[in-house]
>>> print(open('model25.cif').read())   # mmCIF, C-alpha atoms and all ligand atoms
data_input
loop_
_atom_site.label_atom_id
_atom_site.label_comp_id
_atom_site.auth_asym_id
_atom_site.auth_seq_id
_atom_site.Cartn_x
_atom_site.Cartn_y
_atom_site.Cartn_z
CA MET A 1 0.00 0.00 0.00
CA GLN A 2 1.26 3.46 -0.84
CA SER A 3 2.02 5.67 2.10
CA GLY A 4 -0.10 8.75 2.52
CA HIS A 5 -3.27 7.00 1.34
CA PRO A 6 -5.90 6.06 3.87
CA PRO A 7 -6.22 2.28 4.11
CA VAL A 8 -8.96 0.89 1.89
CA PRO A 9 -11.66 -0.58 4.13
CA PRO A 10 -12.32 -4.27 3.54
CA VAL A 11 -15.27 -4.75 1.19
CA ASN A 12 -18.02 -7.03 2.33
CA ILE A 13 -18.31 -9.76 -0.31
CA PRO A 14 -20.00 -13.13 0.22
CA ALA A 15 -17.38 -15.86 0.35
CA SER A 16 -19.59 -18.74 -0.77
CA ILE A 17 -22.91 -19.63 -2.39
CA ASP A 18 -24.27 -20.60 1.01
CA GLU A 19 -23.38 -17.18 2.30
CA VAL A 20 -25.35 -15.60 -0.55
CA SER A 21 -28.33 -17.81 0.35
CA ARG A 22 -28.07 -16.74 3.99
CA LEU A 23 -27.77 -13.11 3.00
CA LEU A 24 -30.92 -13.32 0.88
CA ALA A 25 -32.80 -15.23 3.56
CA GLY A 26 -31.74 -12.59 6.06
CA GLN A 27 -33.58 -10.05 3.91
CA SER A 28 -36.68 -12.30 3.70
CA TYR A 29 -35.90 -13.16 0.10
CA VAL A 30 -36.55 -16.81 -0.70
CA ALA A 31 -34.19 -17.84 -3.49
CA ASP A 32 -33.52 -21.18 -5.12
CA ARG A 33 -29.97 -22.42 -5.44
CA PRO A 34 -29.43 -21.50 -9.13
CA LEU A 35 -30.22 -17.85 -8.36
CA ALA A 36 -27.83 -17.85 -5.41
CA VAL A 37 -25.13 -19.34 -7.66
CA SER A 38 -25.67 -16.62 -10.30
CA ILE A 39 -25.49 -13.87 -7.69
CA PHE A 40 -22.36 -15.36 -6.15
CA LEU A 41 -20.63 -15.59 -9.53
CA ALA A 42 -21.69 -12.10 -10.62
CA ILE A 43 -20.20 -10.59 -7.48
CA THR A 44 -17.08 -12.75 -7.47
CA LEU A 45 -16.32 -12.20 -11.17
CA SER A 46 -17.39 -8.51 -11.08
CA LYS A 47 -19.85 -9.09 -13.89
CA PRO A 48 -23.24 -7.43 -14.24
CA LEU A 49 -26.11 -9.79 -13.43
CA PHE A 50 -28.84 -9.78 -16.06
CA LEU A 51 -32.15 -10.97 -14.59
CA GLU A 52 -34.98 -11.69 -16.98
CA GLY A 53 -38.48 -12.96 -16.26
CA GLU A 54 -42.17 -12.15 -16.18
CA ALA A 55 -43.33 -9.14 -14.20
CA GLY A 56 -43.49 -9.76 -10.48
CA VAL A 57 -41.14 -12.72 -10.12
CA GLY A 58 -38.71 -10.88 -7.84
CA LYS A 59 -36.08 -9.36 -10.17
CA THR A 60 -36.02 -5.81 -8.83
CA GLU A 61 -36.09 -7.12 -5.29
CA VAL A 62 -32.76 -8.90 -5.87
CA GLY A 63 -31.03 -5.54 -6.35
CA LYS A 64 -32.68 -4.11 -3.26
CA VAL A 65 -31.93 -7.02 -0.94
CA LEU A 66 -28.32 -7.25 -2.14
CA ALA A 67 -27.74 -3.61 -1.25
CA GLN A 68 -29.40 -4.01 2.12
CA GLY A 69 -27.78 -7.33 2.93
CA LEU A 70 -24.29 -6.16 1.97
CA GLY A 71 -24.72 -2.75 3.55
CA ARG A 72 -24.15 -0.97 0.23
CA ARG A 73 -25.82 2.07 -1.16
CA LEU A 74 -28.52 1.26 -3.73
CA ILE A 75 -28.48 3.38 -6.88
CA ARG A 76 -31.46 2.71 -9.07
CA LEU A 77 -31.92 3.69 -12.67
CA GLN A 78 -35.50 3.09 -13.77
CA CYS A 79 -35.50 2.79 -17.57
CA TYR A 80 -38.21 4.17 -19.82
CA GLU A 81 -38.70 4.98 -23.47
CA GLY A 82 -36.65 8.04 -24.37
CA LEU A 83 -34.26 7.71 -21.42
CA ASP A 84 -31.12 9.53 -22.45
CA VAL A 85 -27.67 10.43 -21.21
CA ASN A 86 -28.97 13.62 -19.56
CA HIS A 87 -31.13 11.59 -17.25
CA ALA A 88 -28.97 8.55 -16.87
CA VAL A 89 -25.45 9.95 -16.61
CA TYR A 90 -25.10 13.68 -16.15
CA GLU A 91 -26.50 17.03 -17.09
CA TRP A 92 -25.28 20.60 -16.68
CA ASN A 93 -27.22 22.68 -14.21
CA TYR A 94 -28.17 25.29 -16.75
CA ALA A 95 -30.25 27.45 -14.41
CA ARG A 96 -27.41 27.63 -11.92
CA GLN A 97 -24.88 28.42 -14.62
CA ILE A 98 -26.99 31.35 -15.85
CA LEU A 99 -27.50 32.62 -12.33
CA HIS A 100 -23.78 32.41 -11.68
CA ILE A 101 -23.03 34.48 -14.81
CA ARG A 102 -25.69 37.09 -13.94
CA LEU A 103 -24.38 37.48 -10.41
CA ALA A 104 -20.83 37.91 -11.69
CA GLU A 105 -22.07 40.52 -14.17
CA ALA A 106 -23.98 42.32 -11.41
CA ARG A 107 -20.81 42.47 -9.38
CA GLY A 108 -19.10 44.01 -12.39
CA GLU A 109 -16.58 41.16 -12.69
CA VAL A 110 -14.82 40.74 -16.02
CA PRO A 111 -13.29 37.25 -16.11
CA ALA A 112 -10.22 36.47 -18.19
CA ALA A 113 -10.87 34.87 -21.57
CA GLY A 114 -11.92 31.23 -21.10
CA ALA A 115 -12.03 31.45 -17.33
CA ALA A 116 -15.79 31.91 -17.16
CA GLU A 117 -16.40 28.79 -19.26
CA ARG A 118 -13.98 26.77 -17.20
CA GLU A 119 -15.77 27.86 -14.08
CA ILE A 120 -19.34 27.17 -15.14
CA PHE A 121 -18.41 23.84 -16.71
CA GLY A 122 -16.81 22.68 -13.50
CA PRO A 123 -17.89 19.89 -11.14
CA GLU A 124 -19.93 22.31 -9.05
CA PHE A 125 -22.42 22.76 -11.90
CA LEU A 126 -22.63 19.10 -12.85
CA ILE A 127 -25.80 17.23 -11.95
CA LYS A 128 -24.81 13.63 -11.44
CA ARG A 129 -27.38 11.08 -12.51
CA PRO A 130 -27.43 7.42 -11.37
CA LEU A 131 -24.78 5.97 -13.70
CA LEU A 132 -22.24 8.65 -12.85
CA GLN A 133 -23.04 8.40 -9.16
CA ALA A 134 -22.40 4.67 -9.32
CA LEU A 135 -18.96 5.14 -10.88
CA GLU A 136 -17.85 8.00 -8.72
CA ALA A 137 -15.06 7.16 -6.36
CA SER A 138 -16.37 6.65 -2.87
CA ASP A 139 -14.43 5.98 0.29
CA GLY A 140 -16.67 3.07 1.28
CA ALA A 141 -17.66 -0.07 -0.57
CA PRO A 142 -18.94 0.38 -4.13
CA PRO A 143 -22.73 0.66 -4.44
CA VAL A 144 -25.26 -1.72 -5.94
CA LEU A 145 -26.37 -0.29 -9.28
CA LEU A 146 -29.85 -1.48 -10.26
CA ILE A 147 -30.65 -0.80 -13.92
CA ASP A 148 -34.31 -1.67 -13.86
CA GLU A 149 -36.43 -2.73 -16.84
CA ILE A 150 -33.79 -2.18 -19.51
CA ASP A 151 -36.25 -3.53 -22.09
CA ARG A 152 -38.17 -0.25 -21.76
CA ALA A 153 -35.21 1.87 -22.86
CA ASP A 154 -34.32 2.43 -26.50
CA GLU A 155 -31.70 0.37 -28.26
CA GLU A 156 -29.33 3.33 -28.54
CA PHE A 157 -29.30 3.58 -24.80
CA GLU A 158 -28.45 -0.08 -24.57
CA ALA A 159 -25.43 0.46 -26.80
CA PHE A 160 -24.32 3.30 -24.61
CA LEU A 161 -24.75 1.19 -21.50
CA LEU A 162 -22.60 -1.50 -23.05
CA GLU A 163 -19.77 1.00 -23.26
CA ILE A 164 -20.09 2.00 -19.64
CA LEU A 165 -20.30 -1.57 -18.43
CA SER A 166 -17.17 -2.59 -20.33
CA ASP A 167 -14.79 -0.25 -18.54
CA TYR A 168 -16.85 1.23 -15.70
CA ALA A 169 -15.87 4.71 -16.77
CA VAL A 170 -17.58 7.77 -18.14
CA THR A 171 -15.97 10.84 -19.64
CA VAL A 172 -17.44 14.28 -19.17
CA PRO A 173 -15.49 16.25 -21.81
CA GLU A 174 -15.29 19.45 -19.77
CA VAL A 175 -14.33 17.78 -16.51
CA GLY A 176 -12.52 14.54 -17.21
CA THR A 177 -13.04 10.82 -16.78
CA PHE A 178 -14.86 9.31 -13.86
CA ARG A 179 -13.62 5.79 -13.32
CA ALA A 180 -14.86 3.47 -10.61
CA ALA A 181 -12.02 2.55 -8.28
CA GLN A 182 -13.88 -0.71 -7.71
CA PRO A 183 -16.75 -1.70 -10.00
CA PRO A 184 -20.21 -1.46 -8.49
CA ILE A 185 -22.36 -4.57 -8.19
CA VAL A 186 -24.62 -4.23 -11.23
CA VAL A 187 -28.05 -5.83 -11.53
CA LEU A 188 -29.97 -5.37 -14.79
CA THR A 189 -33.56 -6.49 -15.10
CA SER A 190 -35.84 -7.06 -18.07
CA ASN A 191 -39.49 -8.08 -18.28
CA ARG A 192 -38.75 -9.22 -21.82
CA THR A 193 -41.20 -6.92 -23.56
CA ARG A 194 -38.53 -6.99 -26.26
CA GLU A 195 -35.30 -8.89 -26.72
CA VAL A 196 -32.23 -7.18 -25.35
CA HIS A 197 -29.19 -7.22 -27.63
CA ASP A 198 -26.77 -10.12 -27.52
CA ALA A 199 -23.86 -7.72 -27.09
CA LEU A 200 -25.24 -6.47 -23.79
CA LYS A 201 -26.18 -9.94 -22.62
CA ARG A 202 -22.68 -11.14 -23.44
CA ARG A 203 -21.21 -8.68 -20.96
CA CYS A 204 -23.43 -10.08 -18.23
CA LEU A 205 -24.21 -13.24 -16.38
CA TYR A 206 -27.70 -14.18 -17.50
CA HIS A 207 -30.32 -15.66 -15.23
CA TRP A 208 -33.96 -16.38 -15.99
CA ILE A 209 -36.22 -16.12 -12.94
CA ASP A 210 -39.25 -18.32 -13.36
CA TYR A 211 -42.47 -18.28 -11.37
CA PRO A 212 -41.75 -20.11 -8.12
CA THR A 213 -42.91 -23.63 -7.46
CA VAL A 214 -45.99 -24.01 -5.26
CA GLU A 215 -43.81 -24.91 -2.26
CA ARG A 216 -41.53 -21.93 -2.75
CA GLU A 217 -44.37 -19.50 -3.24
CA ALA A 218 -46.01 -20.76 -0.05
CA GLN A 219 -42.69 -20.22 1.69
CA ILE A 220 -42.39 -16.68 0.24
CA THR A 221 -45.93 -15.90 1.40
CA GLN A 222 -45.20 -17.13 4.91
CA THR A 223 -41.99 -15.12 4.97
CA ARG A 224 -43.56 -11.92 3.75
CA VAL A 225 -47.08 -11.93 5.21
CA PRO A 226 -46.91 -11.87 8.99
CA GLY A 227 -49.35 -14.09 10.83
CA ILE A 228 -50.46 -16.17 7.86
CA GLY A 229 -50.82 -19.88 8.56
CA ALA A 230 -49.12 -22.63 6.59
CA VAL A 231 -52.47 -24.02 5.41
CA LEU A 232 -53.74 -20.77 3.90
CA ALA A 233 -50.31 -19.96 2.41
CA GLY A 234 -50.20 -23.39 0.76
CA GLN A 235 -53.73 -23.11 -0.61
CA ILE A 236 -53.02 -19.65 -1.98
CA ALA A 237 -49.87 -20.86 -3.72
CA ALA A 238 -51.72 -23.82 -5.24
CA PHE A 239 -54.58 -21.60 -6.41
CA VAL A 240 -52.24 -19.05 -7.97
CA ALA A 241 -50.31 -21.82 -9.74
CA SER A 242 -53.57 -23.06 -11.26
CA LEU A 243 -54.22 -19.57 -12.63
CA ARG A 244 -50.76 -19.41 -14.17
CA ALA A 245 -51.46 -22.67 -15.98
CA ASP A 246 -54.39 -20.97 -17.73
CA ALA A 247 -54.39 -18.73 -20.77
CA LEU A 248 -54.99 -15.37 -19.11
CA TYR A 249 -54.18 -11.92 -20.38
CA LYS A 250 -51.93 -11.24 -17.38
CA HIS A 251 -50.79 -13.89 -14.94
CA PRO A 252 -50.44 -12.87 -11.30
CA GLY A 253 -46.89 -12.26 -10.10
CA ILE A 254 -45.58 -12.80 -6.59
CA ALA A 255 -46.54 -9.22 -5.73
CA GLU A 256 -50.20 -10.11 -6.46
CA THR A 257 -49.94 -13.33 -4.47
CA LEU A 258 -48.66 -11.34 -1.48
CA ASP A 259 -51.41 -8.71 -1.89
CA TRP A 260 -54.03 -11.40 -2.00
CA ALA A 261 -52.57 -13.21 1.00
CA SER A 262 -52.62 -9.94 2.97
CA ALA A 263 -56.22 -9.32 1.92
CA LEU A 264 -57.34 -12.79 2.99
CA THR A 265 -55.50 -12.48 6.28
CA ALA A 266 -57.10 -9.09 6.91
CA LEU A 267 -60.48 -10.73 6.34
CA GLY A 268 -59.67 -13.32 8.99
CA GLN A 269 -59.50 -16.28 6.59
CA THR A 270 -57.52 -19.32 7.59
CA GLU A 271 -58.49 -21.27 4.48
CA LEU A 272 -59.80 -20.56 0.99
CA ASP A 273 -63.50 -20.81 0.33
CA GLU A 274 -65.33 -20.13 -2.88
CA ASP A 275 -67.18 -17.00 -1.75
CA VAL A 276 -64.19 -15.17 -0.35
CA VAL A 277 -62.10 -16.08 -3.39
CA ALA A 278 -64.80 -14.68 -5.69
CA ASP A 279 -64.91 -11.48 -3.63
CA THR A 280 -61.17 -10.92 -3.56
CA LEU A 281 -60.08 -11.98 -7.07
CA GLY A 282 -59.37 -8.32 -7.82
CA ALA A 283 -56.27 -8.47 -5.61
CA LEU A 284 -54.91 -11.19 -7.87
CA LEU A 285 -56.16 -10.44 -11.36
CA LYS A 286 -56.03 -6.90 -12.67
CA TYR A 287 -57.95 -7.27 -15.92
CA GLN A 288 -61.70 -7.53 -16.00
CA GLU A 289 -61.55 -10.14 -18.79
CA ASP A 290 -59.38 -12.37 -16.60
CA VAL A 291 -61.60 -11.90 -13.53
CA ALA A 292 -64.68 -12.71 -15.60
CA LYS A 293 -63.04 -15.74 -17.16
CA VAL A 294 -61.95 -17.22 -13.82
CA SER A 295 -65.17 -16.39 -11.98
CA ARG A 296 -67.29 -17.98 -14.64
CA ARG A 297 -65.32 -21.12 -15.07
CA ASP A 298 -64.78 -23.79 -12.45
CA LEU A 299 -64.00 -21.50 -9.53
CA ALA A 300 -65.43 -24.01 -7.07
CA GLU A 301 -63.37 -26.81 -8.55
CA ARG A 302 -60.20 -24.74 -8.49
CA VAL A 303 -60.72 -23.85 -4.83
CA ALA A 304 -61.42 -27.49 -4.00
CA GLN A 305 -58.20 -28.54 -5.73
CA ALA A 306 -56.17 -25.90 -3.92
CA ARG A 307 -57.62 -27.06 -0.62
CA ALA A 308 -56.91 -30.69 -1.45
CA ALA A 309 -53.31 -29.85 -2.38
CA VAL A 310 -52.43 -28.89 1.17
CA ALA A 311 -52.21 -31.49 3.88
CA ARG A 312 -53.72 -30.38 7.17
N1 LIG A 401 -38.15 -14.84 -3.85
C1 LIG A 401 -38.84 -13.89 -3.18
N2 LIG A 401 -38.84 -13.85 -1.83
C2 LIG A 401 -39.54 -12.90 -1.18
N3 LIG A 401 -40.28 -11.93 -1.78
C3 LIG A 401 -40.31 -11.92 -3.11
C4 LIG A 401 -39.60 -12.90 -3.87
N4 LIG A 401 -39.83 -12.65 -5.18
C5 LIG A 401 -40.62 -11.59 -5.22
N5 LIG A 401 -40.93 -11.13 -3.99
C6 LIG A 401 -41.79 -10.00 -3.69
O1 LIG A 401 -42.70 -9.88 -4.77
C7 LIG A 401 -42.87 -8.53 -5.17
C8 LIG A 401 -42.53 -8.34 -6.61
O2 LIG A 401 -41.15 -8.47 -6.80
P1 LIG A 401 -40.35 -7.54 -7.81
O3 LIG A 401 -38.90 -7.70 -7.51
O4 LIG A 401 -40.89 -6.17 -7.81
O5 LIG A 401 -40.70 -8.23 -9.21
P2 LIG A 401 -40.15 -7.90 -10.65
O6 LIG A 401 -39.08 -6.87 -10.53
O7 LIG A 401 -39.65 -9.21 -11.17
O8 LIG A 401 -41.33 -7.42 -11.42
C9 LIG A 401 -42.03 -7.71 -4.23
O9 LIG A 401 -42.86 -7.24 -3.19
C10 LIG A 401 -41.03 -8.68 -3.68
O10 LIG A 401 -40.69 -8.32 -2.39
MG MG A 402 -39.20 -4.98 -11.37
#
>>> encode(input="model25.cif", output="structure tokens", more="lines below")
Ligand SMILES: Nc1ncnc2c1ncn2[C@@H]1O[C@H](COP(=O)(O)OP(=O)(O)O)[C@@H](O)[C@H]1O
Ligand SMILES: [Mg+2]
Amino acid sequence: MQSGHPPVPPVNIPASIDEVSRLLAGQSYVADRPLAVSIFLAITLSKPLFLEGEAGVGKTEVGKVLAQGLGRRLIRLQCYEGLDVNHAVYEWNYARQILHIRLAEARGEVPAAGAAEREIFGPEFLIKRPLLQALEASDGAPPVLLIDEIDRADEEFEAFLLEILSDYAVTVPEVGTFRAAQPPIVVLTSNRTREVHDALKRRCLYHWIDYPTVEREAQITQTRVPGIGAVLAGQIAAFVASLRADALYKHPGIAETLDWASALTALGQTELDEDVVADTLGALLKYQEDVAKVSRRDLAERVAQARAAVAR
């Protein structure tokens, strides 16, 4: 270590796959082993983790629980159509620059040639957006950078992201290059509303998150909904799985399962019954066509099957 530099604090990194599993469990995130392996490798190899899957399967939550579990800052970039460098990386604080010039004029200052530009295009007038914040040198451990729903951004933005993720650096022409001393932990998510380019995927470790099995979803429900019994949680998971096997416009995600479980618990249910399911389907299905379809067809049978699936 060079003298004169403060010692670099040790960075908290999970040492094994089991440690990743424990870390996730500690944040009430129920993960299967393949996901824990992907997370472990992404962190160990300093590669971005690309999580793809249907809406509501727990992709965004991975970024959040990693930051919390590792005690890192979470920097989130929510992608949308038209997202550009100004909103993702940096932007000049135009209003402040103008004000600065006006105040200098009012004071009757006449700056030397070029000095005014140098001043107003300095770090003080730079608005740092998530990607720049994530690369900025920090004295602590590098943050978790969550680039959420990349499939919503335009393809040009993807190309730009590829550049940043290859050398973890960004150049602001007027100021210089910001390079991460240690790369952040990067989690990208996609709901697969369109295919993301191979080039970007190649930079990342790819992991598909599927809907959970009935057992796992029951476990997630018990972890996340306080006071719910094992019987109700199991019946809910079985019922939701039966919906996902059907051709619906929009299948319920885990978020909907948890909403529904909370609703049923609030109503004092300890088991599913046909009436209460009919009354609360709106917590689970968010399209009238789907609600109508499920209510009309074999609701009683579905409830009976879900009840039979769980041993009491
Ligand atoms: N494996 C899991 N364990 C615990 N909670 C989960 C799990 N997966 C999803 N959730 C919960 O389900 C909800 C939806 O997850 P989210 O990460 O927003 O989904 P996505 O980003 O895939 O659309 C969140 O409230 C999250 O806490
Ligand atoms: Mg999400």
>>> atom_distance(input="model25.cif", atom1="atom CA of Pro142 of chain A", atom2="atom CA of Pro184 of chain A")
4.9 Å
>>> atom_distance(input="model25.cif", atom1="atom CA of Asp154 of chain A", atom2="atom CA of Pro130 of chain A")
17.4 Å
>>> residues_near_ligand(input="model25.cif", ligand="ligand LIG 401 (chain A)", cutoff="6 Å", atoms="only C-alpha atoms and all ligand atoms", output="list in words")
Ser28, Tyr29, Val30, Ala31, Ala55, Gly56, Val57, Gly58, Lys59, Thr60, Glu61, Ile220, Ile254 and Ala255 of chain A
>>> atom_distance(input="model25.cif", atom1="atom CA of Gln305 of chain A", atom2="atom CA of Ala233 of chain A")
14.2 Å
>>> residues_near_ligand(input="model25.cif", ligand="ligand MG 402 (chain A)", cutoff="12 Å", atoms="all atoms listed in the file", output="JSON, numbers by chain")
{"A": [51, 52, 53, 54, 55, 56, 57, 58, 59, 60, 61, 62, 63, 64, 76, 77, 78, 79, 146, 147, 148, 149, 150, 151, 152, 187, 188, 189, 190, 191, 192, 209, 253, 254, 255]}
>>> decode(input="model25.cif", residues="segment 223-261 of chain A", atoms="C-alpha atoms", output="short mmCIF file (atom, residue, chain, number, x, y, z; two decimals), in the first residue's frame")
data_model
loop_
_atom_site.label_atom_id
_atom_site.label_comp_id
_atom_site.auth_asym_id
_atom_site.auth_seq_id
_atom_site.Cartn_x
_atom_site.Cartn_y
_atom_site.Cartn_z
CA THR A 223 -41.99 -15.12 4.97
CA ARG A 224 -43.56 -11.92 3.75
CA VAL A 225 -47.08 -11.93 5.21
CA PRO A 226 -46.91 -11.87 8.99
CA GLY A 227 -49.35 -14.09 10.83
CA ILE A 228 -50.46 -16.17 7.86
CA GLY A 229 -50.82 -19.88 8.56
CA ALA A 230 -49.12 -22.63 6.59
CA VAL A 231 -52.47 -24.02 5.41
CA LEU A 232 -53.74 -20.77 3.90
CA ALA A 233 -50.31 -19.96 2.41
CA GLY A 234 -50.20 -23.39 0.76
CA GLN A 235 -53.73 -23.11 -0.61
CA ILE A 236 -53.02 -19.65 -1.98
CA ALA A 237 -49.87 -20.86 -3.72
CA ALA A 238 -51.72 -23.82 -5.24
CA PHE A 239 -54.58 -21.60 -6.41
CA VAL A 240 -52.24 -19.05 -7.97
CA ALA A 241 -50.31 -21.82 -9.74
CA SER A 242 -53.57 -23.06 -11.26
CA LEU A 243 -54.22 -19.57 -12.63
CA ARG A 244 -50.76 -19.41 -14.17
CA ALA A 245 -51.46 -22.67 -15.98
CA ASP A 246 -54.39 -20.97 -17.73
CA ALA A 247 -54.39 -18.73 -20.77
CA LEU A 248 -54.99 -15.37 -19.11
CA TYR A 249 -54.18 -11.92 -20.38
CA LYS A 250 -51.93 -11.24 -17.38
CA HIS A 251 -50.79 -13.89 -14.94
CA PRO A 252 -50.44 -12.87 -11.30
CA GLY A 253 -46.89 -12.26 -10.10
CA ILE A 254 -45.58 -12.80 -6.59
CA ALA A 255 -46.54 -9.22 -5.73
CA GLU A 256 -50.20 -10.11 -6.46
CA THR A 257 -49.94 -13.33 -4.47
CA LEU A 258 -48.66 -11.34 -1.48
CA ASP A 259 -51.41 -8.71 -1.89
CA TRP A 260 -54.03 -11.40 -2.00
CA ALA A 261 -52.57 -13.21 1.00
#
